[in-house]
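> Below you'll find model18.txt; it's compact mmCIF, N, CA and C atoms.
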# COMPACT_ATOMS: atom_id res chain seq x y z
N MET F 63 15.92 -27.55 4.38
CA MET F 63 15.67 -26.58 5.43
C MET F 63 14.62 -27.15 6.39
N PRO F 64 14.82 -26.99 7.66
CA PRO F 64 13.88 -27.56 8.63
C PRO F 64 12.53 -26.85 8.59
N ASN F 65 11.57 -27.49 7.95
CA ASN F 65 10.24 -26.89 7.82
C ASN F 65 9.57 -26.66 9.16
N VAL F 66 9.85 -27.50 10.13
CA VAL F 66 9.18 -27.35 11.42
C VAL F 66 9.50 -26.01 12.06
N LEU F 67 10.70 -25.49 11.85
CA LEU F 67 11.04 -24.18 12.41
C LEU F 67 10.24 -23.08 11.73
N LEU F 68 10.12 -23.17 10.42
CA LEU F 68 9.33 -22.16 9.68
C LEU F 68 7.86 -22.25 10.06
N GLU F 69 7.37 -23.47 10.24
CA GLU F 69 5.97 -23.64 10.65
C GLU F 69 5.74 -23.04 12.04
N ALA F 70 6.69 -23.26 12.95
CA ALA F 70 6.57 -22.70 14.29
C ALA F 70 6.57 -21.16 14.24
N GLN F 71 7.42 -20.59 13.40
CA GLN F 71 7.43 -19.13 13.27
C GLN F 71 6.10 -18.63 12.70
N THR F 72 5.56 -19.35 11.73
CA THR F 72 4.27 -18.96 11.15
C THR F 72 3.18 -18.95 12.22
N LEU F 73 3.27 -19.88 13.17
CA LEU F 73 2.29 -19.96 14.25
C LEU F 73 2.66 -19.08 15.45
N LYS F 74 3.72 -18.28 15.29
CA LYS F 74 4.19 -17.36 16.34
C LYS F 74 4.53 -18.09 17.64
N LYS F 75 5.29 -19.16 17.50
CA LYS F 75 5.75 -19.95 18.65
C LYS F 75 7.22 -19.67 18.91
N PHE F 76 7.61 -19.72 20.18
CA PHE F 76 9.01 -19.54 20.52
C PHE F 76 9.77 -20.81 20.14
N ILE F 77 11.00 -20.63 19.64
CA ILE F 77 11.77 -21.77 19.15
C ILE F 77 13.07 -21.91 19.92
N ILE F 78 13.32 -23.14 20.35
CA ILE F 78 14.61 -23.54 20.89
C ILE F 78 15.08 -24.66 19.98
N SER F 79 16.23 -24.46 19.34
CA SER F 79 16.69 -25.44 18.35
C SER F 79 18.18 -25.72 18.51
N SER F 80 18.54 -26.96 18.20
CA SER F 80 19.97 -27.26 18.13
C SER F 80 20.52 -26.54 16.90
N ASP F 81 21.75 -26.15 16.99
CA ASP F 81 22.40 -25.43 15.90
C ASP F 81 23.05 -26.42 14.95
N CYS F 82 22.23 -27.28 14.37
CA CYS F 82 22.74 -28.27 13.42
C CYS F 82 23.05 -27.56 12.10
N PRO F 83 23.80 -28.21 11.21
CA PRO F 83 24.24 -27.52 9.98
C PRO F 83 23.18 -27.40 8.88
N THR F 84 21.93 -27.67 9.17
CA THR F 84 20.93 -27.66 8.09
C THR F 84 19.98 -26.47 8.10
N GLY F 85 20.33 -25.38 8.77
CA GLY F 85 19.52 -24.18 8.61
C GLY F 85 19.01 -23.45 9.83
N PRO F 86 19.00 -24.02 11.04
CA PRO F 86 18.43 -23.27 12.16
C PRO F 86 19.07 -21.91 12.41
N LYS F 87 20.37 -21.81 12.25
CA LYS F 87 21.05 -20.53 12.49
C LYS F 87 20.53 -19.46 11.53
N GLU F 88 20.32 -19.85 10.26
CA GLU F 88 19.79 -18.91 9.28
C GLU F 88 18.34 -18.55 9.60
N ILE F 89 17.54 -19.54 9.88
CA ILE F 89 16.12 -19.31 10.16
C ILE F 89 15.94 -18.45 11.42
N LEU F 90 16.73 -18.73 12.44
CA LEU F 90 16.61 -18.01 13.70
C LEU F 90 17.51 -16.78 13.77
N LEU F 91 18.03 -16.37 12.62
CA LEU F 91 18.81 -15.13 12.51
C LEU F 91 19.92 -15.07 13.57
N ASN F 92 20.70 -16.15 13.63
CA ASN F 92 21.81 -16.26 14.58
C ASN F 92 21.37 -16.07 16.04
N GLY F 93 20.17 -16.48 16.35
CA GLY F 93 19.68 -16.39 17.72
C GLY F 93 18.80 -15.19 18.02
N LYS F 94 18.62 -14.31 17.07
CA LYS F 94 17.76 -13.14 17.30
C LYS F 94 16.28 -13.51 17.31
N ALA F 95 15.94 -14.65 16.71
CA ALA F 95 14.54 -15.05 16.61
C ALA F 95 14.24 -16.33 17.39
N GLY F 96 15.14 -16.72 18.27
CA GLY F 96 14.95 -17.92 19.08
C GLY F 96 16.26 -18.34 19.70
N TYR F 97 16.22 -19.39 20.47
CA TYR F 97 17.43 -19.89 21.13
C TYR F 97 18.09 -20.98 20.30
N LEU F 98 19.40 -20.97 20.28
CA LEU F 98 20.20 -22.00 19.62
C LEU F 98 21.15 -22.63 20.65
N PHE F 99 21.35 -23.93 20.53
CA PHE F 99 22.34 -24.60 21.38
C PHE F 99 23.08 -25.62 20.52
N LYS F 100 24.28 -25.95 20.92
CA LYS F 100 25.09 -26.92 20.18
C LYS F 100 24.46 -28.31 20.30
N PRO F 101 24.44 -29.06 19.21
CA PRO F 101 23.88 -30.42 19.26
C PRO F 101 24.52 -31.24 20.39
N ARG F 102 23.71 -32.04 21.03
CA ARG F 102 24.10 -32.95 22.12
C ARG F 102 24.39 -32.25 23.46
N ASN F 103 24.23 -30.93 23.50
CA ASN F 103 24.48 -30.22 24.74
C ASN F 103 23.17 -30.14 25.54
N TYR F 104 22.83 -31.24 26.20
CA TYR F 104 21.55 -31.32 26.90
C TYR F 104 21.48 -30.36 28.09
N LYS F 105 22.63 -30.05 28.70
CA LYS F 105 22.63 -29.10 29.83
C LYS F 105 22.22 -27.70 29.35
N LYS F 106 22.76 -27.28 28.21
CA LYS F 106 22.40 -25.98 27.64
C LYS F 106 20.92 -25.97 27.26
N LEU F 107 20.45 -27.05 26.68
CA LEU F 107 19.03 -27.16 26.32
C LEU F 107 18.17 -27.00 27.57
N ALA F 108 18.54 -27.69 28.65
CA ALA F 108 17.77 -27.58 29.89
C ALA F 108 17.77 -26.14 30.40
N ASN F 109 18.93 -25.48 30.34
CA ASN F 109 19.01 -24.08 30.78
C ASN F 109 18.15 -23.17 29.92
N LEU F 110 18.12 -23.42 28.60
CA LEU F 110 17.32 -22.58 27.70
C LEU F 110 15.82 -22.80 27.94
N ILE F 111 15.43 -24.01 28.22
CA ILE F 111 14.02 -24.28 28.53
C ILE F 111 13.63 -23.55 29.82
N THR F 112 14.49 -23.63 30.83
CA THR F 112 14.24 -22.93 32.09
C THR F 112 14.17 -21.43 31.86
N SER F 113 15.09 -20.91 31.08
CA SER F 113 15.09 -19.48 30.77
C SER F 113 13.81 -19.07 30.07
N TYR F 114 13.34 -19.90 29.14
CA TYR F 114 12.09 -19.60 28.44
C TYR F 114 10.92 -19.53 29.42
N VAL F 115 10.83 -20.51 30.30
CA VAL F 115 9.72 -20.55 31.26
C VAL F 115 9.74 -19.32 32.16
N LYS F 116 10.93 -18.91 32.59
CA LYS F 116 11.05 -17.76 33.51
C LYS F 116 10.86 -16.42 32.80
N ASN F 117 11.21 -16.35 31.51
CA ASN F 117 11.23 -15.07 30.79
C ASN F 117 10.28 -15.03 29.60
N ARG F 118 9.22 -15.77 29.65
CA ARG F 118 8.33 -15.93 28.51
C ARG F 118 7.87 -14.60 27.92
N LYS F 119 7.48 -13.66 28.75
CA LYS F 119 6.97 -12.38 28.25
C LYS F 119 8.07 -11.57 27.57
N LYS F 120 9.27 -11.59 28.11
CA LYS F 120 10.39 -10.83 27.54
C LYS F 120 10.81 -11.40 26.18
N LEU F 121 10.55 -12.66 25.97
CA LEU F 121 11.00 -13.31 24.74
C LEU F 121 10.05 -13.13 23.56
N SER F 122 8.95 -12.45 23.78
CA SER F 122 7.99 -12.24 22.68
C SER F 122 8.62 -11.44 21.54
N LYS F 123 9.64 -10.64 21.86
CA LYS F 123 10.34 -9.87 20.81
C LYS F 123 11.01 -10.82 19.82
N LYS F 124 11.60 -11.89 20.30
CA LYS F 124 12.24 -12.88 19.41
C LYS F 124 11.20 -13.53 18.50
N ILE F 125 10.02 -13.79 19.05
CA ILE F 125 8.94 -14.38 18.24
C ILE F 125 8.56 -13.41 17.12
N ARG F 126 8.40 -12.13 17.46
CA ARG F 126 8.05 -11.11 16.46
C ARG F 126 9.11 -11.00 15.38
N ILE F 127 10.38 -11.01 15.78
CA ILE F 127 11.46 -10.91 14.81
C ILE F 127 11.40 -12.07 13.83
N GLY F 128 11.21 -13.28 14.33
CA GLY F 128 11.12 -14.45 13.46
C GLY F 128 9.93 -14.36 12.52
N TYR F 129 8.78 -14.01 13.07
CA TYR F 129 7.57 -13.92 12.25
C TYR F 129 7.70 -12.85 11.18
N ASN F 130 8.27 -11.71 11.54
CA ASN F 130 8.39 -10.59 10.59
C ASN F 130 9.43 -10.84 9.50
N ASN F 131 10.26 -11.85 9.67
CA ASN F 131 11.29 -12.15 8.68
C ASN F 131 11.00 -13.41 7.87
N LEU F 132 9.79 -13.93 7.97
CA LEU F 132 9.44 -15.14 7.24
C LEU F 132 9.46 -14.97 5.73
N ASP F 133 9.23 -13.76 5.25
CA ASP F 133 9.16 -13.56 3.80
C ASP F 133 10.46 -13.92 3.09
N ARG F 134 11.55 -14.05 3.83
CA ARG F 134 12.82 -14.48 3.22
C ARG F 134 12.69 -15.87 2.60
N PHE F 135 11.73 -16.64 3.08
CA PHE F 135 11.56 -18.02 2.62
C PHE F 135 10.33 -18.19 1.74
N ASP F 136 9.77 -17.09 1.25
CA ASP F 136 8.58 -17.14 0.39
C ASP F 136 9.02 -17.53 -1.02
N PHE F 137 8.66 -18.73 -1.45
CA PHE F 137 9.11 -19.26 -2.73
C PHE F 137 8.68 -18.37 -3.89
N GLU F 138 7.41 -18.00 -3.95
CA GLU F 138 6.91 -17.19 -5.07
C GLU F 138 7.65 -15.85 -5.15
N LYS F 139 7.81 -15.20 -4.03
CA LYS F 139 8.49 -13.90 -4.00
C LYS F 139 9.94 -14.04 -4.46
N ASN F 140 10.63 -15.04 -3.95
CA ASN F 140 12.03 -15.24 -4.32
C ASN F 140 12.17 -15.62 -5.78
N LEU F 141 11.25 -16.41 -6.28
CA LEU F 141 11.29 -16.79 -7.69
C LEU F 141 11.14 -15.56 -8.57
N LYS F 142 10.20 -14.70 -8.25
CA LYS F 142 10.00 -13.48 -9.04
C LYS F 142 11.22 -12.56 -8.97
N ASN F 143 11.78 -12.42 -7.78
CA ASN F 143 12.93 -11.53 -7.62
C ASN F 143 14.18 -12.05 -8.33
N LYS F 144 14.40 -13.34 -8.29
CA LYS F 144 15.65 -13.89 -8.80
C LYS F 144 15.57 -14.42 -10.21
N CYS F 145 14.36 -14.69 -10.67
CA CYS F 145 14.23 -15.30 -12.00
C CYS F 145 13.31 -14.51 -12.91
N SER F 146 13.18 -13.22 -12.67
CA SER F 146 12.23 -12.44 -13.45
C SER F 146 12.58 -12.35 -14.92
N LYS F 147 13.85 -12.55 -15.28
CA LYS F 147 14.25 -12.45 -16.68
C LYS F 147 14.36 -13.82 -17.35
N ALA F 148 13.94 -14.85 -16.67
CA ALA F 148 14.04 -16.21 -17.23
C ALA F 148 13.08 -16.37 -18.40
N LYS F 149 13.52 -17.08 -19.41
CA LYS F 149 12.68 -17.38 -20.57
C LYS F 149 12.31 -18.86 -20.51
N VAL F 150 11.07 -19.16 -20.84
CA VAL F 150 10.58 -20.53 -20.78
C VAL F 150 10.12 -20.95 -22.17
N PHE F 151 10.63 -22.08 -22.64
CA PHE F 151 10.24 -22.64 -23.92
C PHE F 151 9.92 -24.11 -23.73
N VAL F 152 9.03 -24.60 -24.55
CA VAL F 152 8.62 -25.99 -24.45
C VAL F 152 8.78 -26.67 -25.80
N ASP F 153 9.35 -27.86 -25.77
CA ASP F 153 9.46 -28.68 -26.97
C ASP F 153 9.51 -30.14 -26.53
N GLU F 154 8.73 -30.99 -27.17
CA GLU F 154 8.71 -32.39 -26.75
C GLU F 154 10.01 -33.11 -27.12
N ASN F 155 10.80 -32.51 -27.99
CA ASN F 155 12.08 -33.10 -28.39
C ASN F 155 13.20 -32.26 -27.75
N ARG F 156 13.80 -32.80 -26.73
CA ARG F 156 14.80 -32.03 -25.97
C ARG F 156 15.99 -31.62 -26.83
N ARG F 157 16.48 -32.52 -27.65
CA ARG F 157 17.63 -32.19 -28.49
C ARG F 157 17.33 -31.02 -29.40
N ARG F 158 16.20 -31.09 -30.08
CA ARG F 158 15.81 -30.01 -30.98
C ARG F 158 15.62 -28.72 -30.21
N GLY F 159 14.97 -28.77 -29.04
CA GLY F 159 14.72 -27.59 -28.24
C GLY F 159 16.00 -26.93 -27.77
N ILE F 160 16.93 -27.74 -27.27
CA ILE F 160 18.21 -27.19 -26.81
C ILE F 160 18.97 -26.57 -27.96
N LYS F 161 18.95 -27.23 -29.13
CA LYS F 161 19.65 -26.70 -30.30
C LYS F 161 19.06 -25.34 -30.68
N LYS F 162 17.72 -25.25 -30.72
CA LYS F 162 17.07 -24.00 -31.11
C LYS F 162 17.37 -22.88 -30.11
N ILE F 163 17.28 -23.19 -28.83
CA ILE F 163 17.57 -22.18 -27.81
C ILE F 163 19.02 -21.71 -27.94
N SER F 164 19.94 -22.65 -28.12
CA SER F 164 21.36 -22.30 -28.26
C SER F 164 21.61 -21.43 -29.48
N GLU F 165 20.89 -21.67 -30.57
CA GLU F 165 21.04 -20.86 -31.78
C GLU F 165 20.51 -19.45 -31.56
N LEU F 166 19.39 -19.34 -30.86
CA LEU F 166 18.76 -18.04 -30.64
C LEU F 166 19.47 -17.20 -29.58
N TYR F 167 20.01 -17.86 -28.57
CA TYR F 167 20.62 -17.15 -27.44
C TYR F 167 22.05 -17.67 -27.26
N ASN F 168 22.98 -17.04 -27.95
CA ASN F 168 24.37 -17.51 -27.88
C ASN F 168 25.02 -17.22 -26.53
N ASP F 169 24.43 -16.35 -25.73
CA ASP F 169 25.00 -16.03 -24.42
C ASP F 169 24.33 -16.79 -23.28
N ILE F 170 23.51 -17.77 -23.61
CA ILE F 170 22.79 -18.51 -22.58
C ILE F 170 23.76 -19.34 -21.75
N SER F 171 23.59 -19.31 -20.43
CA SER F 171 24.50 -20.05 -19.56
C SER F 171 23.81 -21.20 -18.83
N LEU F 172 22.48 -21.28 -18.94
CA LEU F 172 21.77 -22.32 -18.21
C LEU F 172 20.51 -22.72 -18.97
N ILE F 173 20.31 -24.00 -19.09
CA ILE F 173 19.07 -24.53 -19.67
C ILE F 173 18.53 -25.55 -18.67
N LEU F 174 17.30 -25.36 -18.22
CA LEU F 174 16.66 -26.30 -17.31
C LEU F 174 15.70 -27.17 -18.12
N LEU F 175 15.76 -28.46 -17.87
CA LEU F 175 14.87 -29.39 -18.57
C LEU F 175 13.86 -29.96 -17.60
N ASP F 176 12.61 -30.07 -18.05
CA ASP F 176 11.57 -30.64 -17.22
C ASP F 176 10.74 -31.58 -18.08
N ASP F 177 10.10 -32.54 -17.47
CA ASP F 177 9.32 -33.50 -18.24
C ASP F 177 7.83 -33.19 -18.26
N ALA F 178 7.46 -31.95 -17.98
CA ALA F 178 6.04 -31.58 -17.94
C ALA F 178 5.34 -31.85 -19.27
N PHE F 179 6.08 -31.73 -20.38
CA PHE F 179 5.44 -31.91 -21.68
C PHE F 179 4.89 -33.32 -21.84
N GLN F 180 5.60 -34.30 -21.32
CA GLN F 180 5.15 -35.67 -21.50
C GLN F 180 3.80 -35.91 -20.84
N HIS F 181 3.44 -35.09 -19.90
CA HIS F 181 2.14 -35.21 -19.25
C HIS F 181 1.09 -34.35 -19.93
N ARG F 182 1.49 -33.64 -20.96
CA ARG F 182 0.61 -32.78 -21.76
C ARG F 182 -0.03 -31.67 -20.94
N LYS F 183 0.66 -31.23 -19.90
CA LYS F 183 0.16 -30.12 -19.10
C LYS F 183 0.57 -28.79 -19.70
N VAL F 184 1.54 -28.82 -20.59
CA VAL F 184 1.99 -27.60 -21.26
C VAL F 184 1.98 -27.86 -22.75
N LYS F 185 1.90 -26.78 -23.51
CA LYS F 185 1.88 -26.91 -24.97
C LYS F 185 3.22 -26.47 -25.54
N ARG F 186 3.58 -27.06 -26.65
CA ARG F 186 4.82 -26.75 -27.34
C ARG F 186 4.81 -25.30 -27.79
N ASN F 187 5.90 -24.56 -27.52
CA ASN F 187 5.96 -23.16 -27.94
C ASN F 187 7.35 -22.77 -28.45
N ILE F 188 8.22 -23.72 -28.65
CA ILE F 188 9.60 -23.42 -29.04
C ILE F 188 9.68 -22.65 -30.36
N ASP F 189 8.73 -22.85 -31.23
CA ASP F 189 8.76 -22.17 -32.53
C ASP F 189 8.49 -20.66 -32.39
N LYS F 190 7.95 -20.25 -31.26
CA LYS F 190 7.69 -18.84 -31.05
C LYS F 190 8.86 -18.14 -30.37
N ALA F 191 9.93 -18.87 -30.11
CA ALA F 191 11.10 -18.30 -29.43
C ALA F 191 11.70 -17.17 -30.24
N LYS F 192 12.07 -16.12 -29.56
CA LYS F 192 12.67 -14.96 -30.23
C LYS F 192 13.90 -14.53 -29.49
When written as C-alpha cells, how does the structure in this file appear?

Amino acid sequence: MPNVLLEAQTLKKFIISSDCPTGPKEILLNGKAGYLFKPRNYKKLANLITSYVKNRKKLSKKIRIGYNNLDRFDFEKNLKNKCSKAKVFVDENRRRGIKKISELYNDISLILLDDAFQHRKVKRNIDKAK
C-alpha cells in the first residue's frame, strides 16, 4: 500500500494520485478523498493540478474525508477486530508444537509459525494450551 498517500492524509494534505493498481483508489475512496488520474495521462494530471490551485478552499472537504477515514488502516485496531479470537502458543520445537495444537484443536484451520522463540523474546507456553 502506498504509505506516502496515508502519510499525506495524516498531515491533512490534498492528494492527486495516479490510479495505479496498488491502492490509491482504496485510500482515496474512489476519488472522494482526493483526485485520481489514469497512469501516464499527463494532460489529466495538469488539469487536476490547475483545478486544485483554482479551487483549493472548496477541496478541503476531500482532505477532511481522507483524514476522517484513516482508521481503516490502523494496524492495531484491525488486528483486534479481526483476530480477537486467535490463540497464541510458543514451543521451540515446531513439530511438537504443531502436533500438540492439532491434537487440542481438531477444527483448527490455520497455524502461523514465527521464529521469535529463537531470539528468546518469548517463553515456551505450549504445555499450558487448553
> List every residue of region 93-125 of chain F that has an atom at most 8 Å from any atom of region 63-77 of chain F, and for each one report the closest atom pair and its distance in Å to one decimal, counting all atoms listed in the file, with rows sorted by chain and then by increasing residue number, as JSON lines.

{"residue": "F:Ala95", "atom": "C", "partner": "F:Ile77", "partner_atom": "N", "distance": 5.8}
{"residue": "F:Gly96", "atom": "CA", "partner": "F:Ile77", "partner_atom": "C", "distance": 4.5}
{"residue": "F:Tyr97", "atom": "N", "partner": "F:Ile77", "partner_atom": "C", "distance": 4.1}
{"residue": "F:Leu98", "atom": "N", "partner": "F:Ile77", "partner_atom": "C", "distance": 6.4}
{"residue": "F:Leu121", "atom": "C", "partner": "F:Phe76", "partner_atom": "CA", "distance": 7.2}
{"residue": "F:Ser122", "atom": "CA", "partner": "F:Phe76", "partner_atom": "CA", "distance": 7.7}
{"residue": "F:Lys124", "atom": "C", "partner": "F:Phe76", "partner_atom": "CA", "distance": 6.7}
{"residue": "F:Ile125", "atom": "CA", "partner": "F:Lys75", "partner_atom": "C", "distance": 5.6}
> Find the residues around Lys100 (chain F) up to 10 Å (only C-alpha atoms counted), leave out those fewer than 2 positions away in its own chain, and share them as number ranges by chain.
F: 79-82, 98, 102-104, 106-107
> Please identify the strand (DSSP E or B) residues within region 75-184 of chain F (assignment by DSSP from backbone atoms) and present them as number ranges by chain.
F: 78-80, 97-99
> Of the residues F:Thr112, F:Ser146, F:Lys139, F:Ile127, which is the one nearest to Leu91 (chain F), using all atoms listed in the file?
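Among the listed residues, F:Ile127 lies closest to Leu91 (chain F).
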> Among region 89-166 of chain F, which residues carry a DSSP assignment of helix (DSSP H, G or I), reported as an NGL selection string?
:F and (89 or 91-93 or 104-116 or 122-130 or 132-135 or 137-145 or 156-166)
> Hey, can you spit out that residue selection with N, CA and C atoms as a short mmCIF file (atom, residue, chain, number, x, y, z; two decimals), keeping the file's coordinate frame?

data_model
loop_
_atom_site.label_atom_id
_atom_site.label_comp_id
_atom_site.auth_asym_id
_atom_site.auth_seq_id
_atom_site.Cartn_x
_atom_site.Cartn_y
_atom_site.Cartn_z
N ILE F 89 17.54 -19.54 9.88
CA ILE F 89 16.12 -19.31 10.16
C ILE F 89 15.94 -18.45 11.42
N LEU F 91 18.03 -16.37 12.62
CA LEU F 91 18.81 -15.13 12.51
C LEU F 91 19.92 -15.07 13.57
N ASN F 92 20.70 -16.15 13.63
CA ASN F 92 21.81 -16.26 14.58
C ASN F 92 21.37 -16.07 16.04
N GLY F 93 20.17 -16.48 16.35
CA GLY F 93 19.68 -16.39 17.72
C GLY F 93 18.80 -15.19 18.02
N TYR F 104 22.83 -31.24 26.20
CA TYR F 104 21.55 -31.32 26.90
C TYR F 104 21.48 -30.36 28.09
N LYS F 105 22.63 -30.05 28.70
CA LYS F 105 22.63 -29.10 29.83
C LYS F 105 22.22 -27.70 29.35
N LYS F 106 22.76 -27.28 28.21
CA LYS F 106 22.40 -25.98 27.64
C LYS F 106 20.92 -25.97 27.26
N LEU F 107 20.45 -27.05 26.68
CA LEU F 107 19.03 -27.16 26.32
C LEU F 107 18.17 -27.00 27.57
N ALA F 108 18.54 -27.69 28.65
CA ALA F 108 17.77 -27.58 29.89
C ALA F 108 17.77 -26.14 30.40
N ASN F 109 18.93 -25.48 30.34
CA ASN F 109 19.01 -24.08 30.78
C ASN F 109 18.15 -23.17 29.92
N LEU F 110 18.12 -23.42 28.60
CA LEU F 110 17.32 -22.58 27.70
C LEU F 110 15.82 -22.80 27.94
N ILE F 111 15.43 -24.01 28.22
CA ILE F 111 14.02 -24.28 28.53
C ILE F 111 13.63 -23.55 29.82
N THR F 112 14.49 -23.63 30.83
CA THR F 112 14.24 -22.93 32.09
C THR F 112 14.17 -21.43 31.86
N SER F 113 15.09 -20.91 31.08
CA SER F 113 15.09 -19.48 30.77
C SER F 113 13.81 -19.07 30.07
N TYR F 114 13.34 -19.90 29.14
CA TYR F 114 12.09 -19.60 28.44
C TYR F 114 10.92 -19.53 29.42
N VAL F 115 10.83 -20.51 30.30
CA VAL F 115 9.72 -20.55 31.26
C VAL F 115 9.74 -19.32 32.16
N LYS F 116 10.93 -18.91 32.59
CA LYS F 116 11.05 -17.76 33.51
C LYS F 116 10.86 -16.42 32.80
N SER F 122 8.95 -12.45 23.78
CA SER F 122 7.99 -12.24 22.68
C SER F 122 8.62 -11.44 21.54
N LYS F 123 9.64 -10.64 21.86
CA LYS F 123 10.34 -9.87 20.81
C LYS F 123 11.01 -10.82 19.82
N LYS F 124 11.60 -11.89 20.30
CA LYS F 124 12.24 -12.88 19.41
C LYS F 124 11.20 -13.53 18.50
N ILE F 125 10.02 -13.79 19.05
CA ILE F 125 8.94 -14.38 18.24
C ILE F 125 8.56 -13.41 17.12
N ARG F 126 8.40 -12.13 17.46
CA ARG F 126 8.05 -11.11 16.46
C ARG F 126 9.11 -11.00 15.38
N ILE F 127 10.38 -11.01 15.78
CA ILE F 127 11.46 -10.91 14.81
C ILE F 127 11.40 -12.07 13.83
N GLY F 128 11.21 -13.28 14.33
CA GLY F 128 11.12 -14.45 13.46
C GLY F 128 9.93 -14.36 12.52
N TYR F 129 8.78 -14.01 13.07
CA TYR F 129 7.57 -13.92 12.25
C TYR F 129 7.70 -12.85 11.18
N ASN F 130 8.27 -11.71 11.54
CA ASN F 130 8.39 -10.59 10.59
C ASN F 130 9.43 -10.84 9.50
N LEU F 132 9.79 -13.93 7.97
CA LEU F 132 9.44 -15.14 7.24
C LEU F 132 9.46 -14.97 5.73
N ASP F 133 9.23 -13.76 5.25
CA ASP F 133 9.16 -13.56 3.80
C ASP F 133 10.46 -13.92 3.09
N ARG F 134 11.55 -14.05 3.83
CA ARG F 134 12.82 -14.48 3.22
C ARG F 134 12.69 -15.87 2.60
N PHE F 135 11.73 -16.64 3.08
CA PHE F 135 11.56 -18.02 2.62
C PHE F 135 10.33 -18.19 1.74
N PHE F 137 8.66 -18.73 -1.45
CA PHE F 137 9.11 -19.26 -2.73
C PHE F 137 8.68 -18.37 -3.89
N GLU F 138 7.41 -18.00 -3.95
CA GLU F 138 6.91 -17.19 -5.07
C GLU F 138 7.65 -15.85 -5.15
N LYS F 139 7.81 -15.20 -4.03
CA LYS F 139 8.49 -13.90 -4.00
C LYS F 139 9.94 -14.04 -4.46
N ASN F 140 10.63 -15.04 -3.95
CA ASN F 140 12.03 -15.24 -4.32
C ASN F 140 12.17 -15.62 -5.78
N LEU F 141 11.25 -16.41 -6.28
CA LEU F 141 11.29 -16.79 -7.69
C LEU F 141 11.14 -15.56 -8.57
N LYS F 142 10.20 -14.70 -8.25
CA LYS F 142 10.00 -13.48 -9.04
C LYS F 142 11.22 -12.56 -8.97
N ASN F 143 11.78 -12.42 -7.78
CA ASN F 143 12.93 -11.53 -7.62
C ASN F 143 14.18 -12.05 -8.33
N LYS F 144 14.40 -13.34 -8.29
CA LYS F 144 15.65 -13.89 -8.80
C LYS F 144 15.57 -14.42 -10.21
N CYS F 145 14.36 -14.69 -10.67
CA CYS F 145 14.23 -15.30 -12.00
C CYS F 145 13.31 -14.51 -12.91
N ARG F 156 13.80 -32.80 -26.73
CA ARG F 156 14.80 -32.03 -25.97
C ARG F 156 15.99 -31.62 -26.83
N ARG F 157 16.48 -32.52 -27.65
CA ARG F 157 17.63 -32.19 -28.49
C ARG F 157 17.33 -31.02 -29.40
N ARG F 158 16.20 -31.09 -30.08
CA ARG F 158 15.81 -30.01 -30.98
C ARG F 158 15.62 -28.72 -30.21
N GLY F 159 14.97 -28.77 -29.04
CA GLY F 159 14.72 -27.59 -28.24
C GLY F 159 16.00 -26.93 -27.77
N ILE F 160 16.93 -27.74 -27.27
CA ILE F 160 18.21 -27.19 -26.81
C ILE F 160 18.97 -26.57 -27.96
N LYS F 161 18.95 -27.23 -29.13
CA LYS F 161 19.65 -26.70 -30.30
C LYS F 161 19.06 -25.34 -30.68
N LYS F 162 17.72 -25.25 -30.72
CA LYS F 162 17.07 -24.00 -31.11
C LYS F 162 17.37 -22.88 -30.11
N ILE F 163 17.28 -23.19 -28.83
CA ILE F 163 17.57 -22.18 -27.81
C ILE F 163 19.02 -21.71 -27.94
N SER F 164 19.94 -22.65 -28.12
CA SER F 164 21.36 -22.30 -28.26
C SER F 164 21.61 -21.43 -29.48
N GLU F 165 20.89 -21.67 -30.57
CA GLU F 165 21.04 -20.86 -31.78
C GLU F 165 20.51 -19.45 -31.56
N LEU F 166 19.39 -19.34 -30.86
CA LEU F 166 18.76 -18.04 -30.64
C LEU F 166 19.47 -17.20 -29.58
#
> Emit as AutoDock Vina command-line options the padded axis-aligned box for all listed atoms of region 119-125 of chain F, 8 Å per side, with centre and edge lengths in Å to one decimal.

--center_x 9.6 --center_y -12.1 --center_z 22.9 --size_x 21.3 --size_y 20.5 --size_z 27.6
> Which one of F:Ala108, F:Ile78, F:Val150, F:Leu172 sits closest to Lys94 (chain F) if you count only C-alpha atoms?
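Checking each candidate against Lys94 (chain F), we get F:Ile78 as the closest.
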> If I take atom C of Leu132 (chain F) and CA of Ile89 (chain F), how far is one from the other in Å, to one decimal?
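According to the coordinates, atom C of Leu132 (chain F) and CA of Ile89 (chain F) are separated by 9.1 Å.
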> Figure out the distance between CA of Lys147 (chain F) and atom N of Leu166 (chain F), please, to one decimal in Å.
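Separating atom N of Leu166 (chain F) from CA of Lys147 (chain F) is a distance of 16.6 Å.
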> Can you work out which one of F:Lys123, F:Ile173, F:Lys116, F:Asn130 has the shortest atom-to-atom distance to Arg157 (chain F), counting only C-alpha atoms?
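Smallest separation from Arg157 (chain F) among the options: F:Ile173.
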> If I take atom C of Lys162 (chain F) and atom N of Lys144 (chain F), how far is one from the other in Å, to one decimal?
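Going from atom C of Lys162 (chain F) over to atom N of Lys144 (chain F), I get 24.0 Å.
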